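All remarks here apply to the structure that follows.
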Amino acid sequence: MSGKYATETLQANESGIARAAAILRAGGLVAVPTETVYGLAARADSEEAVGRIYEAKGRPSFNPLIVHVPSVERAESLALFSAKARELAQDNWPGPLTLVLPKRERASLAARVTAGLPTLALRMPDHPVMAALLEAVDFPLAAPSANRSGFISPTSAKHVLASLDGRIDAVIDGGPSRSGLESTIVAVREDGSLEQLRPGPIEVAPRNSSSGSGAIEAPGQLASHYAPGKPLRLHADEHAADEFMIGFGAITGDCTLSETGNLEEAASRLYACLHAGARSGKPRIAVASIPDREIGLAINDRLRRAATPPD
Ligand code: AMP
Ligand code: MG
């Protein structure tokens, strides 16, 4: 423990979820497993609770949070759904698709959640623990990834504790995250058009083509993100003695994303391999080429940002 909280590890059962719900009601922070990565949850209707998320992560205040809800109905009470948005939600929720929609003016949400934007990012997660927690409380949960801002995302309770032990009230240990990559973020514009702001496990919209219009629409798009804290070399067929190798397919590594070249498996193991590389004694990391198709597009997006040194 290092920090002002004695972080509790809770089991992913009824009593663990009840304890987590009590902490959240009191305005605390709980890291929760989802099918994408572990999220750092706080009640989205409290400025103070949401402020704690930014503080624990060291997250810049201009980077808005995704709000998690237990149903499409609850989502519709917070944002304005066009017919297209409703169709996307009905087809993909629960699941790893975040919709950016016009926020309802009367929605009971802390202003910090949206970082002052008139839009709101919403998702209904597909994970039994997060779903049970959302049912147990009567407010939506703001939940970014449960890691220090800019660093590797967590896909296990151990990863969460590696960066947030002592900085949050509790983590629910629900085992490894199934999908392993953050949700796809899609903005539904007023004219009905769609814009993908972040690639992820689901493909429903064309990629955002306008780069850098000024305001940061989805800071997940920042050039440097998911950083392992040491140089990362991409498209490596072989590696030097001082490089921790992350393999794929026929290229075996110190950590291999998928021996059979399966992209879904590679996505689910990406952050675990990056964490292993970050922890290893080797000063550098090399990663084999990943095919740029399907979820490989999202893997390569994360790898490019992880390979870009912070400013
Ligand atoms: P994380 O919670 O770390 O997965 O990051 C959440 C992502 O959602 C960030 O890239 C945010 O910029 C993005 N996001 C949240 N709210 C909005 C919004 N209203 N408009 C656009 N992007 C958003
Ligand atoms: Mg994140």
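Identifiers in this document derive from the order of the structure tokens: chains are assigned A, B, ..., residues are numbered from 1 separately in each chain, and ligands are numbered from 1 in order of occurrence.
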From region 57-191 of chain A, collect each residue whose DSSP state is helix (DSSP H, G or I) and return the set as number ranges by chain.
-> A: 57, 72-76, 83-92, 111-114, 128-136, 157-164
All residues within 9 Å of ligand 1 are required, counting only C-alpha atoms and all ligand atoms; please report them as a PyMOL selection string.
-> chain A and resi 37+39-40+59+62-67+98-103+113-122+142-147+149-150+153+182-183+185-187+197-198+216-222
Nearby residues (only C-alpha atoms) at most 7 Å from Arg104 (chain A), same-chain spacing under 2 positions excluded, as number ranges by chain | A: 78-80, 102, 106-107
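Distances here use only C-alpha atoms; by that measure, the residue among A:Ile251, A:Ala49, A:Leu109, A:Ile202 closest to His239 (chain A) is A:Ile251.
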Suppose you want the space between CA of Thr256 (chain A) and CA of Arg305 (chain A); what is it in Å?
-> 19.8 Å
Leu194 (chain A) environment, 12 Å, only C-alpha atoms, sequence neighbours closer than 4 positions dropped, as number ranges by chain = A: 82, 84-85, 88, 99-101, 185-190, 203-209
Write a file of the selected residues as a PDB file, in the first residue's frame, keeping N, CA and C atoms.
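Output file out32.pdb is given in full below:
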ATOM      1  N   SER A  82     -31.245   9.490 -31.428  1.00  0.00           N
ATOM      2  CA  SER A  82     -31.907   9.518 -32.727  1.00  0.00           C
ATOM      3  C   SER A  82     -32.305   8.078 -33.058  1.00  0.00           C
ATOM      4  N   LYS A  84     -31.222   6.300 -35.430  1.00  0.00           N
ATOM      5  CA  LYS A  84     -29.988   5.572 -35.746  1.00  0.00           C
ATOM      6  C   LYS A  84     -29.265   5.143 -34.466  1.00  0.00           C
ATOM      7  N   ALA A  85     -29.233   6.052 -33.484  1.00  0.00           N
ATOM      8  CA  ALA A  85     -28.560   5.746 -32.221  1.00  0.00           C
ATOM      9  C   ALA A  85     -29.276   4.602 -31.501  1.00  0.00           C
ATOM     10  N   LEU A  88     -28.413   1.325 -33.127  1.00  0.00           N
ATOM     11  CA  LEU A  88     -27.065   0.870 -32.761  1.00  0.00           C
ATOM     12  C   LEU A  88     -27.045   0.289 -31.354  1.00  0.00           C
ATOM     13  N   LEU A  99     -21.471   5.059 -27.411  1.00  0.00           N
ATOM     14  CA  LEU A  99     -22.123   6.034 -28.295  1.00  0.00           C
ATOM     15  C   LEU A  99     -21.948   7.434 -27.723  1.00  0.00           C
ATOM     16  N   VAL A 100     -21.518   8.363 -28.554  1.00  0.00           N
ATOM     17  CA  VAL A 100     -21.419   9.773 -28.163  1.00  0.00           C
ATOM     18  C   VAL A 100     -22.631  10.489 -28.740  1.00  0.00           C
ATOM     19  N   LEU A 101     -23.458  11.039 -27.832  1.00  0.00           N
ATOM     20  CA  LEU A 101     -24.761  11.589 -28.201  1.00  0.00           C
ATOM     21  C   LEU A 101     -24.978  12.933 -27.512  1.00  0.00           C
ATOM     22  N   ILE A 185     -15.564   3.710 -29.972  1.00  0.00           N
ATOM     23  CA  ILE A 185     -16.361   4.925 -29.695  1.00  0.00           C
ATOM     24  C   ILE A 185     -16.879   5.486 -31.014  1.00  0.00           C
ATOM     25  N   VAL A 186     -18.195   5.660 -31.080  1.00  0.00           N
ATOM     26  CA  VAL A 186     -18.831   6.178 -32.284  1.00  0.00           C
ATOM     27  C   VAL A 186     -19.704   7.380 -31.926  1.00  0.00           C
ATOM     28  N   ALA A 187     -19.488   8.487 -32.619  1.00  0.00           N
ATOM     29  CA  ALA A 187     -20.348   9.659 -32.430  1.00  0.00           C
ATOM     30  C   ALA A 187     -21.476   9.578 -33.446  1.00  0.00           C
ATOM     31  N   VAL A 188     -22.707   9.798 -32.962  1.00  0.00           N
ATOM     32  CA  VAL A 188     -23.860   9.859 -33.860  1.00  0.00           C
ATOM     33  C   VAL A 188     -24.200  11.337 -34.034  1.00  0.00           C
ATOM     34  N   ARG A 189     -23.973  11.858 -35.241  1.00  0.00           N
ATOM     35  CA  ARG A 189     -24.177  13.287 -35.488  1.00  0.00           C
ATOM     36  C   ARG A 189     -25.649  13.610 -35.713  1.00  0.00           C
ATOM     37  N   GLU A 190     -25.968  14.908 -35.606  1.00  0.00           N
ATOM     38  CA  GLU A 190     -27.369  15.306 -35.726  1.00  0.00           C
ATOM     39  C   GLU A 190     -27.972  14.954 -37.078  1.00  0.00           C
ATOM     40  N   GLU A 203     -16.943  -2.992 -35.258  1.00  0.00           N
ATOM     41  CA  GLU A 203     -16.827  -2.016 -36.355  1.00  0.00           C
ATOM     42  C   GLU A 203     -18.201  -1.688 -36.894  1.00  0.00           C
ATOM     43  N   VAL A 204     -18.651  -0.429 -36.701  1.00  0.00           N
ATOM     44  CA  VAL A 204     -19.961  -0.047 -37.226  1.00  0.00           C
ATOM     45  C   VAL A 204     -19.918   1.241 -38.032  1.00  0.00           C
ATOM     46  N   ALA A 205     -18.795   1.955 -38.002  1.00  0.00           N
ATOM     47  CA  ALA A 205     -18.763   3.280 -38.628  1.00  0.00           C
ATOM     48  C   ALA A 205     -17.421   3.520 -39.285  1.00  0.00           C
ATOM     49  N   PRO A 206     -17.415   4.436 -40.286  1.00  0.00           N
ATOM     50  CA  PRO A 206     -16.136   4.774 -40.894  1.00  0.00           C
ATOM     51  C   PRO A 206     -15.241   5.495 -39.906  1.00  0.00           C
ATOM     52  N   ARG A 207     -13.959   5.309 -40.089  1.00  0.00           N
ATOM     53  CA  ARG A 207     -12.945   5.923 -39.259  1.00  0.00           C
ATOM     54  C   ARG A 207     -12.989   7.437 -39.383  1.00  0.00           C
ATOM     55  N   ASN A 208     -12.787   8.128 -38.250  1.00  0.00           N
ATOM     56  CA  ASN A 208     -12.688   9.591 -38.266  1.00  0.00           C
ATOM     57  C   ASN A 208     -11.548  10.022 -39.177  1.00  0.00           C
ATOM     58  N   SER A 209     -11.858  10.827 -40.205  1.00  0.00           N
ATOM     59  CA  SER A 209     -10.806  11.220 -41.147  1.00  0.00           C
ATOM     60  C   SER A 209     -10.207  12.577 -40.804  1.00  0.00           C
TER      61      SER A 209
END
Might you pull out every residue within 12 Å of Pro283 (chain A), with only C-alpha atoms counted and same-chain residues fewer than 2 positions away left off, and present them as JSON, numbers by chain?
-> {"A": [228, 229, 230, 231, 232, 233, 240, 241, 242, 243, 244, 245, 277, 278, 279, 280, 281, 285, 286]}
Could you dump the residues just selected with N, CA and C atoms as a PDB file, in the first residue's frame?
ATOM      1  N   PRO A 228       4.190   1.878 -22.148  1.00  0.00           N
ATOM      2  CA  PRO A 228       4.803   0.923 -21.220  1.00  0.00           C
ATOM      3  C   PRO A 228       5.997   1.502 -20.462  1.00  0.00           C
ATOM      4  N   GLY A 229       6.365   2.757 -20.722  1.00  0.00           N
ATOM      5  CA  GLY A 229       7.462   3.371 -19.967  1.00  0.00           C
ATOM      6  C   GLY A 229       8.846   3.029 -20.482  1.00  0.00           C
ATOM      7  N   LYS A 230       8.928   2.380 -21.657  1.00  0.00           N
ATOM      8  CA  LYS A 230      10.216   2.118 -22.290  1.00  0.00           C
ATOM      9  C   LYS A 230      10.006   2.047 -23.798  1.00  0.00           C
ATOM     10  N   PRO A 231      11.076   2.169 -24.580  1.00  0.00           N
ATOM     11  CA  PRO A 231      10.892   2.181 -26.036  1.00  0.00           C
ATOM     12  C   PRO A 231      10.229   0.906 -26.551  1.00  0.00           C
ATOM     13  N   LEU A 232       9.346   1.087 -27.516  1.00  0.00           N
ATOM     14  CA  LEU A 232       8.602  -0.031 -28.105  1.00  0.00           C
ATOM     15  C   LEU A 232       8.843   0.011 -29.610  1.00  0.00           C
ATOM     16  N   ARG A 233       9.296  -1.117 -30.191  1.00  0.00           N
ATOM     17  CA  ARG A 233       9.569  -1.173 -31.633  1.00  0.00           C
ATOM     18  C   ARG A 233       8.525  -2.065 -32.289  1.00  0.00           C
ATOM     19  N   ALA A 240      16.517  -8.061 -30.602  1.00  0.00           N
ATOM     20  CA  ALA A 240      17.871  -7.986 -30.033  1.00  0.00           C
ATOM     21  C   ALA A 240      17.850  -8.579 -28.623  1.00  0.00           C
ATOM     22  N   ALA A 241      19.054  -8.857 -28.103  1.00  0.00           N
ATOM     23  CA  ALA A 241      19.161  -9.499 -26.784  1.00  0.00           C
ATOM     24  C   ALA A 241      18.547  -8.639 -25.679  1.00  0.00           C
ATOM     25  N   ASP A 242      18.572  -7.312 -25.865  1.00  0.00           N
ATOM     26  CA  ASP A 242      18.059  -6.453 -24.785  1.00  0.00           C
ATOM     27  C   ASP A 242      16.590  -6.068 -25.004  1.00  0.00           C
ATOM     28  N   GLU A 243      15.910  -6.773 -25.925  1.00  0.00           N
ATOM     29  CA  GLU A 243      14.498  -6.474 -26.164  1.00  0.00           C
ATOM     30  C   GLU A 243      13.594  -7.585 -25.633  1.00  0.00           C
ATOM     31  N   PHE A 244      12.547  -7.205 -24.919  1.00  0.00           N
ATOM     32  CA  PHE A 244      11.494  -8.135 -24.530  1.00  0.00           C
ATOM     33  C   PHE A 244      10.613  -8.297 -25.766  1.00  0.00           C
ATOM     34  N   MET A 245      10.481  -9.550 -26.247  1.00  0.00           N
ATOM     35  CA  MET A 245       9.772  -9.780 -27.510  1.00  0.00           C
ATOM     36  C   MET A 245       8.306 -10.147 -27.267  1.00  0.00           C
ATOM     37  N   GLY A 277       6.114  -6.905 -20.456  1.00  0.00           N
ATOM     38  CA  GLY A 277       7.284  -6.227 -21.024  1.00  0.00           C
ATOM     39  C   GLY A 277       7.733  -5.058 -20.160  1.00  0.00           C
ATOM     40  N   ALA A 278       6.745  -4.313 -19.636  1.00  0.00           N
ATOM     41  CA  ALA A 278       7.064  -3.156 -18.788  1.00  0.00           C
ATOM     42  C   ALA A 278       7.761  -3.607 -17.506  1.00  0.00           C
ATOM     43  N   ARG A 279       7.297  -4.753 -16.965  1.00  0.00           N
ATOM     44  CA  ARG A 279       7.846  -5.267 -15.696  1.00  0.00           C
ATOM     45  C   ARG A 279       9.199  -5.931 -15.872  1.00  0.00           C
ATOM     46  N   SER A 280       9.493  -6.416 -17.092  1.00  0.00           N
ATOM     47  CA  SER A 280      10.681  -7.246 -17.296  1.00  0.00           C
ATOM     48  C   SER A 280      11.956  -6.439 -17.099  1.00  0.00           C
ATOM     49  N   GLY A 281      13.077  -7.127 -16.937  1.00  0.00           N
ATOM     50  CA  GLY A 281      14.363  -6.447 -16.762  1.00  0.00           C
ATOM     51  C   GLY A 281      14.892  -5.846 -18.065  1.00  0.00           C
ATOM     52  N   ILE A 285      11.217  -2.998 -25.743  1.00  0.00           N
ATOM     53  CA  ILE A 285      10.212  -3.998 -26.128  1.00  0.00           C
ATOM     54  C   ILE A 285      10.111  -4.011 -27.651  1.00  0.00           C
ATOM     55  N   ALA A 286       9.991  -5.204 -28.249  1.00  0.00           N
ATOM     56  CA  ALA A 286       9.753  -5.325 -29.692  1.00  0.00           C
ATOM     57  C   ALA A 286       8.463  -6.119 -29.878  1.00  0.00           C
TER      58      ALA A 286
END
Taking the chain letters and numbering used in this document, name the residues of region 59-255 of chain A that DSSP puts in strand (DSSP E or B), as a PyMOL selection string.
-> chain A and resi 66-68+79+97-103+119-123+141-142+145+151+170-173+184-188+194-198+207+227+232-233+243-248+251+255
What's the 6 Å shell around Val287 (chain A), counting only C-alpha atoms, without same-chain residues fewer than 4 positions away, as JSON, numbers by chain?
-> {"A": [234, 236, 245, 246]}
Shell around region 94-96 of chain A at 12 Å using only C-alpha atoms, local window under 4 positions removed, as a PyMOL selection string = chain A and resi 34-37+66+68-72+75+88-90+122-128+130-131+177-186+198-204
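Restricting the calculation to only C-alpha atoms and all ligand atoms, the smallest distance between ligand 2 and any of A:Gly296, A:Pro154, A:Gly192, A:Gly253 is found for A:Pro154.
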Counting only C-alpha atoms and all ligand atoms, the residue among A:Arg112, A:Arg86, A:His225, A:Arg52 that lies closest to ligand 2 is A:His225
Taking into account only C-alpha atoms and all ligand atoms, which residue in the set A:Ala56, A:Leu303, A:Ala6, A:Ile152 is nearest to ligand 2?
-> A:Ile152
Given the choices A:Thr155, A:Ser108, A:Ser77, A:Ser15, which gets closest to ligand 2 if the distance is worked out from only C-alpha atoms and all ligand atoms?
-> A:Thr155
